[in-house]
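A short write-up of the structure that comes next.
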2 protein chains.
Amino acid sequence: MKKVVLFMENGSEEMEAITQKSILSRAGAEVHIATKDGGCVTTSHGVTIGGDCSYASIRVEDYDAFVLPGGLPGSEYFAKDEMLLGILREAFDKDKIVAAICAAPIALGEAGILKNKKYTCYPGFEKEIQDGEYTAAGTEKDGNLITGKGPFYALHFALVITEALFGLVKMEEVSRGILREV
Amino acid sequence: MKKVVLFMENGSEEMEAITQKSILSRAGAEVHIATKDGGCVTTSHGVTIGGDCSYASIRVEDYDAFVLPGGLPGSEYFAKDEMLLGILREAFDKDKIVAAICAAPIALGEAGILKNKKYTCYPGFEKEIQDGEYTAAGTEKDGNLITGKGPFYALHFALVITEALFGLVKMEEVSRGILREV
């Protein structure tokens with residue numbers, strides 16, 4: 001069983017977040033929505049979404065992938081959260097999948113894990129990121145680091161994470177299930 | 001101000017639902033998530049999402065569009081809910097936008113509003129729908145009725161609803177904002 005932690009903050013973008021939950025669940029992953037205190041958050045367009053666990057409860061070794069949706073101010077909260085940044089550093093060092101989309105790669109920059117890595121993000125946010133090579137791709141995968149450019153790419157980003165966790169055959173199976181041509 | 005009601009049941013598909021909330025909010029619509037009693041629902045892959053209002057509180061004349069996400073058993077609950085079916089009939093008769101994706105068009109069939117209408121749905125569910133002409137398109141628009149085939153089309157379905165409510169220029173503006181090429 002693959003386990004994924006999907007972080008959500010107040011002001012996280014709901015489509016970018018929930019698309020990961022749907023697609024990775026379809027692939028067979030157990031996806032836990034982690035919020036700061038384990039309670040509800042309110043997304044960037046005002047959806048109330050319940051958390052499954054708190055940041056403090058997360059043991060990195062229990063999970064295979066760590067995913068950050070974009071949205072403001074959610075991405076800025078991520079980038080300033082020392083506990084979250086510590087989790088991301090530990091996950092990266094343990095060669096777990098670490099993934100962020102839209103504005104959320106700023107948190108990967110703050111965690112210091114973009115050095116010598118290719119990444120993408122919502123155009124403009126690369127100016128807030130010191131390390132790494134911004135490629136402007138729709139989705140980018142460099143080793144265990146996966147990044148997405150913005151909302152339109154949320155689904156493809158989820159499928160790239162699916163392939164990284166489960167392989168091509170499962171990714172194509174999920175794609176057919178959602179009626180995406182493969 | 002355009003107002004949209006997005007119905008959600010226990011077992012509604014979260015990506016199909018929340019994509020509508022994100023995209024239509026970006027267009028400037030006020031989007032209310034309506035649940036049976038106005039409280040939380042648990043989606044088909046286990047996300048807890050809060051409602052903004054109950055079915056009973058909805059006055060059809062206050063809204064411009066009525067949207068149903070797919071997912072099971074959510075779509076079946078929709079199709080058996082006489083209060084919801086009454087709302088859909090009244091909305092359709094008042095020439096409001098009525099939209100459903102994936103398995104949820106079965107509720108449009110139960111409401112009796114697919115007669116002489118082209119529609120699409122997740123392949124197989126057309127067998128549960130007596131009226132209308134199933135086209136198997138990714139998205140279908142016939143007058144004030146908009147239908148979508150399945151999860152992969154959730155975003156396009158949202159953009160078709162956006163264009164129906166706000167026009168082409170706004171739909172293209174939203175598309176550029178999410179980094180979709182237009």
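Ligands are numbered from 1 in the order shown, chains are lettered A, B, ... in the order of the structure tokens, and residues start at 1 in each chain.
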
Using only C-alpha atoms, determine which residues lie at most 9 Å from range 44-54 of chain A, disregarding the query and same-chain residues fewer than 3 positions distant; provide the list as a PyMOL selection string. (chain A and resi 7-8+10-14+32-41+57-58+71-74) or (chain B and resi 18+21-22+25-26+33+40+47-52)

Which polymer residues have any atom within 12 Å of an atom of range 105-107 of chain A, counting only C-alpha atoms, with same-chain residues fewer than 6 positions away left out, as number ranges by chain? A: 7, 67-89, 98-99, 113-114, 117-134, 139-140, 145-150

Can you tell me which residues surround Lys94 in chain A at a distance of at most 12 Å, considering only C-alpha atoms, apart from same-chain residues fewer than 2 positions away, and format the answer as a PDB file with N, CA and C atoms, in the first residue's frame?
ATOM      1  N   VAL A  60       7.683  10.696   8.681  1.00  0.00           N
ATOM      2  CA  VAL A  60       8.080  10.679   7.273  1.00  0.00           C
ATOM      3  C   VAL A  60       8.221   9.253   6.744  1.00  0.00           C
ATOM      4  N   GLU A  61       8.741   8.367   7.564  1.00  0.00           N
ATOM      5  CA  GLU A  61       8.989   6.995   7.099  1.00  0.00           C
ATOM      6  C   GLU A  61       7.700   6.242   6.763  1.00  0.00           C
ATOM      7  N   ASP A  62       6.559   6.752   7.239  1.00  0.00           N
ATOM      8  CA  ASP A  62       5.278   6.084   6.975  1.00  0.00           C
ATOM      9  C   ASP A  62       4.703   6.391   5.586  1.00  0.00           C
ATOM     10  N   TYR A  63       5.269   7.382   4.890  1.00  0.00           N
ATOM     11  CA  TYR A  63       4.678   7.848   3.629  1.00  0.00           C
ATOM     12  C   TYR A  63       5.637   7.698   2.457  1.00  0.00           C
ATOM     13  N   ASP A  64       5.047   7.614   1.259  1.00  0.00           N
ATOM     14  CA  ASP A  64       5.821   7.478   0.030  1.00  0.00           C
ATOM     15  C   ASP A  64       5.902   8.774  -0.766  1.00  0.00           C
ATOM     16  N   ALA A  65       4.929   9.665  -0.550  1.00  0.00           N
ATOM     17  CA  ALA A  65       4.921  10.918  -1.317  1.00  0.00           C
ATOM     18  C   ALA A  65       4.322  12.039  -0.472  1.00  0.00           C
ATOM     19  N   PHE A  66       4.818  13.238  -0.714  1.00  0.00           N
ATOM     20  CA  PHE A  66       4.451  14.439   0.041  1.00  0.00           C
ATOM     21  C   PHE A  66       4.082  15.510  -0.975  1.00  0.00           C
ATOM     22  N   ILE A  87       9.732  18.554   7.504  1.00  0.00           N
ATOM     23  CA  ILE A  87       9.174  17.315   6.930  1.00  0.00           C
ATOM     24  C   ILE A  87       9.608  17.157   5.473  1.00  0.00           C
ATOM     25  N   LEU A  88       9.540  18.251   4.710  1.00  0.00           N
ATOM     26  CA  LEU A  88       9.910  18.191   3.290  1.00  0.00           C
ATOM     27  C   LEU A  88      11.394  17.845   3.126  1.00  0.00           C
ATOM     28  N   ARG A  89      12.242  18.459   3.958  1.00  0.00           N
ATOM     29  CA  ARG A  89      13.694  18.167   3.902  1.00  0.00           C
ATOM     30  C   ARG A  89      13.968  16.694   4.202  1.00  0.00           C
ATOM     31  N   GLU A  90      13.330  16.215   5.262  1.00  0.00           N
ATOM     32  CA  GLU A  90      13.545  14.810   5.650  1.00  0.00           C
ATOM     33  C   GLU A  90      13.036  13.861   4.564  1.00  0.00           C
ATOM     34  N   ALA A  91      11.861  14.183   3.995  1.00  0.00           N
ATOM     35  CA  ALA A  91      11.291  13.346   2.928  1.00  0.00           C
ATOM     36  C   ALA A  91      12.217  13.326   1.718  1.00  0.00           C
ATOM     37  N   PHE A  92      12.718  14.507   1.339  1.00  0.00           N
ATOM     38  CA  PHE A  92      13.622  14.612   0.194  1.00  0.00           C
ATOM     39  C   PHE A  92      14.892  13.799   0.445  1.00  0.00           C
ATOM     40  N   LYS A  96      11.980  10.109  -0.779  1.00  0.00           N
ATOM     41  CA  LYS A  96      10.531  10.034  -1.002  1.00  0.00           C
ATOM     42  C   LYS A  96      10.172  10.999  -2.139  1.00  0.00           C
ATOM     43  N   ILE A  97       9.010  10.786  -2.768  1.00  0.00           N
ATOM     44  CA  ILE A  97       8.515  11.749  -3.757  1.00  0.00           C
ATOM     45  C   ILE A  97       8.098  13.029  -3.025  1.00  0.00           C
ATOM     46  N   VAL A  98       8.620  14.161  -3.481  1.00  0.00           N
ATOM     47  CA  VAL A  98       8.211  15.463  -2.951  1.00  0.00           C
ATOM     48  C   VAL A  98       7.683  16.266  -4.139  1.00  0.00           C
ATOM     49  N   ASN A 144      13.443  12.628  -7.478  1.00  0.00           N
ATOM     50  CA  ASN A 144      12.266  12.435  -6.627  1.00  0.00           C
ATOM     51  C   ASN A 144      11.434  13.701  -6.453  1.00  0.00           C
ATOM     52  N   LEU A 145      11.788  14.739  -7.229  1.00  0.00           N
ATOM     53  CA  LEU A 145      11.107  16.027  -7.133  1.00  0.00           C
ATOM     54  C   LEU A 145      10.172  16.219  -8.327  1.00  0.00           C
TER      55      LEU A 145
END

Counting only C-alpha atoms, what is within 7 Å of Glu30 in chain A, bar same-chain residues fewer than 3 positions away, as a VMD selection string? chain A and resid 2 to 4 25

From a backbone DSSP assignment, name each residue in range 8-182 of chain A labelled helix (DSSP H, G or I), as a ChimeraX atom specification. /A:14-27,55-57,60-62,74-80,82-93,105-111,125-128,151-166,168-177

Select, from B:Met1, B:Ile23, B:Leu165, B:Leu108, the residue with the minimum atom-to-atom distance to chain A, counting only C-alpha atoms.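 The closest residue to chain A is B:Ile23.
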
Can you tell me, as a PyMOL selection string, what residues are no more than 8 Å from Ala154 in chain A when counting only C-alpha atoms, ignoring any on the same chain fewer than 5 positions away? chain A and resi 15-16+19-20+101+148

Restricting it to N, CA and C atoms, dump the selection as a tab-separated table (two decimals), in the first residue's frame.
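Okay, this is what ended up in out-v6.tsv:
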chain	number	residue	atom	x	y	z
A	15	MET	N	-8.97	22.97	-6.32
A	15	MET	CA	-8.91	22.06	-7.47
A	15	MET	C	-7.55	21.37	-7.52
A	16	GLU	N	-6.49	22.13	-7.30
A	16	GLU	CA	-5.14	21.56	-7.31
A	16	GLU	C	-4.97	20.53	-6.20
A	19	THR	N	-7.79	17.31	-6.82
A	19	THR	CA	-7.44	16.47	-7.97
A	19	THR	C	-6.41	15.42	-7.56
A	20	GLN	N	-5.47	15.79	-6.69
A	20	GLN	CA	-4.46	14.81	-6.22
A	20	GLN	C	-5.15	13.71	-5.42
A	101	ILE	N	2.89	22.24	-6.73
A	101	ILE	CA	2.35	22.82	-7.96
A	101	ILE	C	2.02	24.30	-7.76
A	148	GLY	N	4.59	21.21	-10.74
A	148	GLY	CA	3.58	21.53	-11.75
A	148	GLY	C	3.43	23.04	-11.86

Å distance separating CA of Glu9 in chain A from CA of Thr43 in chain A, one decimal place: 7.4 Å

With DSSP run on the backbone, what are the strand (DSSP E) residues within range 59-101 of chain A? I'd like them as JSON, numbers by chain. {"A": [65, 66, 67, 68, 97, 98, 99, 100, 101]}

Just-selected residues, N, CA, C and O atoms written as a PDB file, in the first residue's frame:
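selection_17.pdb written:
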ATOM      1  N   ALA A  65       4.929   9.665  -0.550  1.00  0.00           N
ATOM      2  CA  ALA A  65       4.921  10.918  -1.317  1.00  0.00           C
ATOM      3  C   ALA A  65       4.322  12.039  -0.472  1.00  0.00           C
ATOM      4  O   ALA A  65       3.428  11.797   0.354  1.00  0.00           O
ATOM      5  N   PHE A  66       4.818  13.238  -0.714  1.00  0.00           N
ATOM      6  CA  PHE A  66       4.451  14.439   0.041  1.00  0.00           C
ATOM      7  C   PHE A  66       4.082  15.510  -0.975  1.00  0.00           C
ATOM      8  O   PHE A  66       4.936  15.921  -1.762  1.00  0.00           O
ATOM      9  N   VAL A  67       2.822  15.933  -0.967  1.00  0.00           N
ATOM     10  CA  VAL A  67       2.313  16.755  -2.059  1.00  0.00           C
ATOM     11  C   VAL A  67       1.755  18.084  -1.551  1.00  0.00           C
ATOM     12  O   VAL A  67       0.974  18.102  -0.589  1.00  0.00           O
ATOM     13  N   LEU A  68       2.138  19.170  -2.224  1.00  0.00           N
ATOM     14  CA  LEU A  68       1.680  20.518  -1.871  1.00  0.00           C
ATOM     15  C   LEU A  68       0.875  21.124  -3.007  1.00  0.00           C
ATOM     16  O   LEU A  68       1.415  21.346  -4.098  1.00  0.00           O
ATOM     17  N   ILE A  97       9.010  10.786  -2.768  1.00  0.00           N
ATOM     18  CA  ILE A  97       8.515  11.749  -3.757  1.00  0.00           C
ATOM     19  C   ILE A  97       8.098  13.029  -3.025  1.00  0.00           C
ATOM     20  O   ILE A  97       7.316  12.969  -2.067  1.00  0.00           O
ATOM     21  N   VAL A  98       8.620  14.161  -3.481  1.00  0.00           N
ATOM     22  CA  VAL A  98       8.211  15.463  -2.951  1.00  0.00           C
ATOM     23  C   VAL A  98       7.683  16.266  -4.139  1.00  0.00           C
ATOM     24  O   VAL A  98       8.388  16.420  -5.146  1.00  0.00           O
ATOM     25  N   ALA A  99       6.435  16.750  -4.045  1.00  0.00           N
ATOM     26  CA  ALA A  99       5.778  17.346  -5.203  1.00  0.00           C
ATOM     27  C   ALA A  99       5.054  18.623  -4.809  1.00  0.00           C
ATOM     28  O   ALA A  99       4.457  18.698  -3.723  1.00  0.00           O
ATOM     29  N   ALA A 100       5.115  19.633  -5.677  1.00  0.00           N
ATOM     30  CA  ALA A 100       4.442  20.915  -5.415  1.00  0.00           C
ATOM     31  C   ALA A 100       4.018  21.530  -6.737  1.00  0.00           C
ATOM     32  O   ALA A 100       4.714  21.389  -7.748  1.00  0.00           O
ATOM     33  N   ILE A 101       2.895  22.236  -6.729  1.00  0.00           N
ATOM     34  CA  ILE A 101       2.350  22.824  -7.961  1.00  0.00           C
ATOM     35  C   ILE A 101       2.023  24.297  -7.758  1.00  0.00           C
ATOM     36  O   ILE A 101       1.751  24.727  -6.632  1.00  0.00           O
TER      37      ILE A 101
END

Given only C-alpha atoms as the basis, pick out the residue of B:Leu155, B:Ala56, B:Ile161, B:Met171 nearest to chain A. B:Leu155

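Among A:Leu6, A:Leu168, A:Val182, A:Cys102, the residue with the shortest atom-to-atom distance to Gly138 in chain A, counting only C-alpha atoms, is A:Cys102.
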
What is the CA of Ser175 in chain A to CA of Leu159 in chain A distance in Å? 7.8 Å
